[in-house]
$ cat model_11.pdb   # PDB, C-alpha atoms, pLDDT in the B column
ATOM      1  CA  MET U 147      68.782  81.946  94.723  1.00 67.00           C
ATOM      2  CA  ILE U 148      68.286  80.260  98.092  1.00 87.00           C
ATOM      3  CA  LEU U 149      71.327  79.567 100.290  1.00 92.00           C
ATOM      4  CA  ARG U 150      71.352  76.936 103.035  1.00 93.00           C
ATOM      5  CA  LEU U 151      74.019  76.043 105.562  1.00 95.00           C
ATOM      6  CA  LEU U 152      73.954  72.320 106.316  1.00 95.00           C
ATOM      7  CA  ARG U 153      76.005  70.152 108.678  1.00 95.00           C
ATOM      8  CA  ILE U 154      77.455  66.911 107.342  1.00 94.00           C
ATOM      9  CA  ARG U 155      76.311  63.763 109.109  1.00 92.00           C
ATOM     10  CA  GLY U 156      77.733  60.399 108.168  1.00 88.00           C
ATOM     11  CA  HIS U 157      80.728  59.284 106.154  1.00 88.00           C
ATOM     12  CA  SER U 158      79.349  58.846 102.643  1.00 87.00           C
ATOM     13  CA  LEU U 159      81.812  61.333 101.067  1.00 92.00           C
ATOM     14  CA  PHE U 160      84.757  60.757 103.429  1.00 92.00           C
ATOM     15  CA  PRO U 161      87.598  61.825 103.264  1.00 90.00           C
ATOM     16  CA  ASP U 162      86.485  64.900 101.279  1.00 91.00           C
ATOM     17  CA  PHE U 163      83.655  65.643 103.710  1.00 93.00           C
ATOM     18  CA  ARG U 164      83.826  64.620 107.357  1.00 94.00           C
ATOM     19  CA  GLU U 165      81.075  64.386 109.927  1.00 92.00           C
ATOM     20  CA  GLY U 166      80.724  67.816 111.531  1.00 93.00           C
ATOM     21  CA  ASP U 167      81.821  69.765 108.432  1.00 95.00           C
ATOM     22  CA  TYR U 168      79.433  72.364 107.025  1.00 96.00           C
ATOM     23  CA  VAL U 169      78.479  73.055 103.443  1.00 96.00           C
ATOM     24  CA  LEU U 170      76.851  76.079 101.874  1.00 95.00           C
ATOM     25  CA  VAL U 171      74.284  74.902  99.348  1.00 95.00           C
ATOM     26  CA  ALA U 172      72.884  77.114  96.586  1.00 92.00           C
ATOM     27  CA  GLY U 173      69.443  76.357  95.217  1.00 89.00           C
ATOM     28  CA  PHE U 174      68.266  76.996  91.682  1.00 78.00           C
ATOM     29  CA  PRO U 175      69.287  79.045  89.781  1.00 71.00           C
ATOM     30  CA  PHE U 176      72.775  77.784  90.458  1.00 65.00           C
ATOM     31  CA  PRO U 177      75.448  80.530  90.589  1.00 63.00           C
ATOM     32  CA  SER U 178      77.888  78.552  88.457  1.00 63.00           C
ATOM     33  CA  GLY U 179      75.416  77.358  85.847  1.00 71.00           C
ATOM     34  CA  LYS U 180      74.171  73.822  85.336  1.00 85.00           C
ATOM     35  CA  ILE U 181      74.951  70.786  87.450  1.00 91.00           C
ATOM     36  CA  ARG U 182      78.053  69.008  86.154  1.00 92.00           C
ATOM     37  CA  VAL U 183      79.737  65.673  86.753  1.00 95.00           C
ATOM     38  CA  GLY U 184      81.811  65.974  89.928  1.00 96.00           C
ATOM     39  CA  ASP U 185      79.517  68.527  91.595  1.00 95.00           C
ATOM     40  CA  LYS U 186      78.277  67.700  95.072  1.00 96.00           C
ATOM     41  CA  VAL U 187      74.488  67.987  95.360  1.00 96.00           C
ATOM     42  CA  VAL U 188      71.978  67.878  98.195  1.00 96.00           C
ATOM     43  CA  PHE U 189      68.662  66.219  97.472  1.00 96.00           C
ATOM     44  CA  ARG U 190      65.686  64.696  99.197  1.00 95.00           C
ATOM     45  CA  GLN U 191      65.341  60.981  98.545  1.00 95.00           C
ATOM     46  CA  PRO U 192      61.901  59.666  99.617  1.00 92.00           C
ATOM     47  CA  ARG U 193      63.218  56.526 101.322  1.00 93.00           C
ATOM     48  CA  TYR U 194      66.410  57.920 102.893  1.00 93.00           C
ATOM     49  CA  GLY U 195      65.697  61.621 103.514  1.00 94.00           C
ATOM     50  CA  LEU U 196      68.172  64.447 102.933  1.00 95.00           C
ATOM     51  CA  LEU U 197      71.412  63.262 101.295  1.00 96.00           C
ATOM     52  CA  ILE U 198      74.606  64.747  99.878  1.00 96.00           C
ATOM     53  CA  LYS U 199      76.408  62.928  97.054  1.00 97.00           C
ATOM     54  CA  ARG U 200      78.780  63.520  94.152  1.00 97.00           C
ATOM     55  CA  VAL U 201      77.317  63.593  90.629  1.00 97.00           C
ATOM     56  CA  HIS U 202      78.726  60.569  88.834  1.00 97.00           C
ATOM     57  CA  GLN U 203      76.797  60.924  85.574  1.00 96.00           C
ATOM     58  CA  LEU U 204      74.077  63.067  83.954  1.00 95.00           C
ATOM     59  CA  LEU U 205      71.164  60.986  82.676  1.00 95.00           C
ATOM     60  CA  GLU U 206      68.025  61.433  80.608  1.00 88.00           C
ATOM     61  CA  ASN U 207      69.321  64.463  78.742  1.00 86.00           C
ATOM     62  CA  GLY U 208      70.326  66.173  81.998  1.00 80.00           C
ATOM     63  CA  HIS U 209      66.979  65.651  83.767  1.00 90.00           C
ATOM     64  CA  ALA U 210      68.256  63.011  86.204  1.00 95.00           C
ATOM     65  CA  LEU U 211      71.512  62.318  88.018  1.00 96.00           C
ATOM     66  CA  ASP U 212      73.494  59.212  88.884  1.00 97.00           C
ATOM     67  CA  VAL U 213      74.956  60.081  92.292  1.00 98.00           C
ATOM     68  CA  ARG U 214      77.575  58.236  94.303  1.00 97.00           C
ATOM     69  CA  GLY U 215      79.290  58.362  97.651  1.00 95.00           C
ATOM     70  CA  THR U 216      82.993  57.635  98.048  1.00 94.00           C
ATOM     71  CA  GLN U 217      82.495  54.673 100.378  1.00 91.00           C
ATOM     72  CA  ILE U 218      81.771  51.123  99.178  1.00 91.00           C
ATOM     73  CA  ASP U 219      78.778  50.900 101.539  1.00 91.00           C
ATOM     74  CA  SER U 220      77.403  54.339 100.642  1.00 93.00           C
ATOM     75  CA  THR U 221      73.665  54.580 100.019  1.00 95.00           C
ATOM     76  CA  ASP U 222      73.462  56.124  96.561  1.00 97.00           C
ATOM     77  CA  SER U 223      72.087  55.606  93.046  1.00 97.00           C
ATOM     78  CA  ARG U 224      73.288  52.004  93.152  1.00 96.00           C
ATOM     79  CA  ASN U 225      70.592  51.486  95.818  1.00 96.00           C
ATOM     80  CA  PHE U 226      67.759  53.839  94.837  1.00 96.00           C
ATOM     81  CA  GLY U 227      68.374  54.633  91.161  1.00 96.00           C
ATOM     82  CA  PRO U 228      68.704  57.995  89.386  1.00 97.00           C
ATOM     83  CA  VAL U 229      67.771  61.229  91.155  1.00 97.00           C
ATOM     84  CA  PRO U 230      65.332  63.440  89.229  1.00 95.00           C
ATOM     85  CA  LEU U 231      66.367  67.105  89.147  1.00 91.00           C
ATOM     86  CA  SER U 232      63.059  67.907  90.860  1.00 91.00           C
ATOM     87  CA  GLN U 233      64.454  66.274  94.051  1.00 93.00           C
ATOM     88  CA  VAL U 234      67.681  68.334  94.026  1.00 94.00           C
ATOM     89  CA  LEU U 235      67.621  71.124  96.615  1.00 93.00           C
ATOM     90  CA  GLY U 236      70.933  72.583  95.491  1.00 93.00           C
ATOM     91  CA  LYS U 237      74.606  72.106  94.930  1.00 94.00           C
ATOM     92  CA  VAL U 238      77.509  72.684  97.257  1.00 94.00           C
ATOM     93  CA  ILE U 239      79.282  75.979  96.587  1.00 93.00           C
ATOM     94  CA  TRP U 240      81.372  76.186  99.771  1.00 94.00           C
ATOM     95  CA  HIS U 241      82.845  73.640 102.169  1.00 95.00           C
ATOM     96  CA  ILE U 242      83.673  74.592 105.762  1.00 92.00           C
ATOM     97  CA  ARG U 243      85.903  71.989 107.368  1.00 92.00           C
ATOM     98  CA  GLN U 244      85.741  71.285 111.057  1.00 83.00           C
ATOM     99  CA  LYS U 245      88.851  72.030 113.070  1.00 77.00           C
ATOM    100  CA  ASP U 246      91.135  69.092 113.725  1.00 70.00           C
ATOM    101  CA  THR U 247      91.206  68.197 117.386  1.00 58.00           C
TER
END

$ encode --input "model_11.pdb" --output "structure tokens"
Amino acid sequence: MILRLLRIRGHSLFPDFREGDYVLVAGFPFPSGKIRVGDKVVFRQPRYGLLIKRVHQLLENGHALDVRGTQIDSTDSRNFGPVPLSQVLGKVIWHIRQKDT
């Protein structure tokens, strides 16, 4: 299992994740089993780069994901379509919130 610490940029999953928060992302094999609806995943989307989104729906017998942000203007599957599992780098297993100032 590969672990990565990533810093949140943007507001796609606000208010759950704020810019400046950190997430610990576990690569395959995932410590808690398969990806499920509601999980937050990090993936590389060819047009938009590295993104973090919430799994909205499992598609194609679990081989692709419909992912969504929480904001109406979020760039997500409504813009670029389903995310193949081959593009998923991992899922969020820990969220480190920034301190309120």

$ atom_distance --input "model_11.pdb" --atom1 "CA of Pro161 in chain U" --atom2 "CA of Gly184 in chain U"
15.1 Å

$ residues_around --input "model_11.pdb" --residues "Leu149 in chain U" --least-positions-apart "6" --cutoff "12 Å" --atoms "all atoms listed in the file" --output "list in words"
Val169, Leu170, Val171, Ala172, Gly173, Phe174, Pro175, Phe176, Pro177, Val188, Leu235, Gly236, Lys237, Val238, Ile239 and Trp240 of chain U

$ write_last_selection --input "model_11.pdb" --atoms "C-alpha atoms" --output "PDB file, in the coordinates of the input"
ATOM      1  CA  VAL U 169      78.479  73.055 103.443  1.00 96.00           C
ATOM      2  CA  LEU U 170      76.851  76.079 101.874  1.00 95.00           C
ATOM      3  CA  VAL U 171      74.284  74.902  99.348  1.00 95.00           C
ATOM      4  CA  ALA U 172      72.884  77.114  96.586  1.00 92.00           C
ATOM      5  CA  GLY U 173      69.443  76.357  95.217  1.00 89.00           C
ATOM      6  CA  PHE U 174      68.266  76.996  91.682  1.00 78.00           C
ATOM      7  CA  PRO U 175      69.287  79.045  89.781  1.00 71.00           C
ATOM      8  CA  PHE U 176      72.775  77.784  90.458  1.00 65.00           C
ATOM      9  CA  PRO U 177      75.448  80.530  90.589  1.00 63.00           C
ATOM     10  CA  VAL U 188      71.978  67.878  98.195  1.00 96.00           C
ATOM     11  CA  LEU U 235      67.621  71.124  96.615  1.00 93.00           C
ATOM     12  CA  GLY U 236      70.933  72.583  95.491  1.00 93.00           C
ATOM     13  CA  LYS U 237      74.606  72.106  94.930  1.00 94.00           C
ATOM     14  CA  VAL U 238      77.509  72.684  97.257  1.00 94.00           C
ATOM     15  CA  ILE U 239      79.282  75.979  96.587  1.00 93.00           C
ATOM     16  CA  TRP U 240      81.372  76.186  99.771  1.00 94.00           C
TER      17      TRP U 240
END

$ atom_distance --input "model_11.pdb" --atom1 "CA of His157 in chain U" --atom2 "CA of Arg182 in chain U"
22.4 Å

$ closest_residue --input "model_11.pdb" --among "U:Arg153, U:Lys180, U:Lys245, U:Lys186" --to "Thr216 in chain U" --atoms "all atoms listed in the file"
U:Lys186

$ atom_distance --input "model_11.pdb" --atom1 "CA of Asp185 in chain U" --atom2 "CA of Arg224 in chain U"
17.7 Å

$ residues_around --input "model_11.pdb" --residues "Leu205 in chain U" --least-positions-apart "3" --cutoff "12 Å" --atoms "only C-alpha atoms" --output "list in words"
Ile181, Arg182, Val183, Val201, His202, Gly208, His209, Ala210, Leu211, Asp212, Val213, Ser223, Gly227, Pro228, Val229, Pro230 and Leu231 of chain U

$ closest_residue --input "model_11.pdb" --among "U:Gly166, U:Gly215, U:Gly179, U:Gly156" --to "His241 in chain U" --atoms "all atoms listed in the file"
U:Gly166

$ residues_around --input "model_11.pdb" --residues "Arg164 in chain U" --least-positions-apart "4" --cutoff "9 Å" --atoms "all atoms listed in the file" --output "PyMOL selection string"
chain U and resi 154-160+168+243-244

$ closest_residue --input "model_11.pdb" --among "U:Glu206, U:Ile242, U:Asp219, U:Gln233" --to "Glu165 in chain U" --atoms "all atoms listed in the file"
U:Ile242
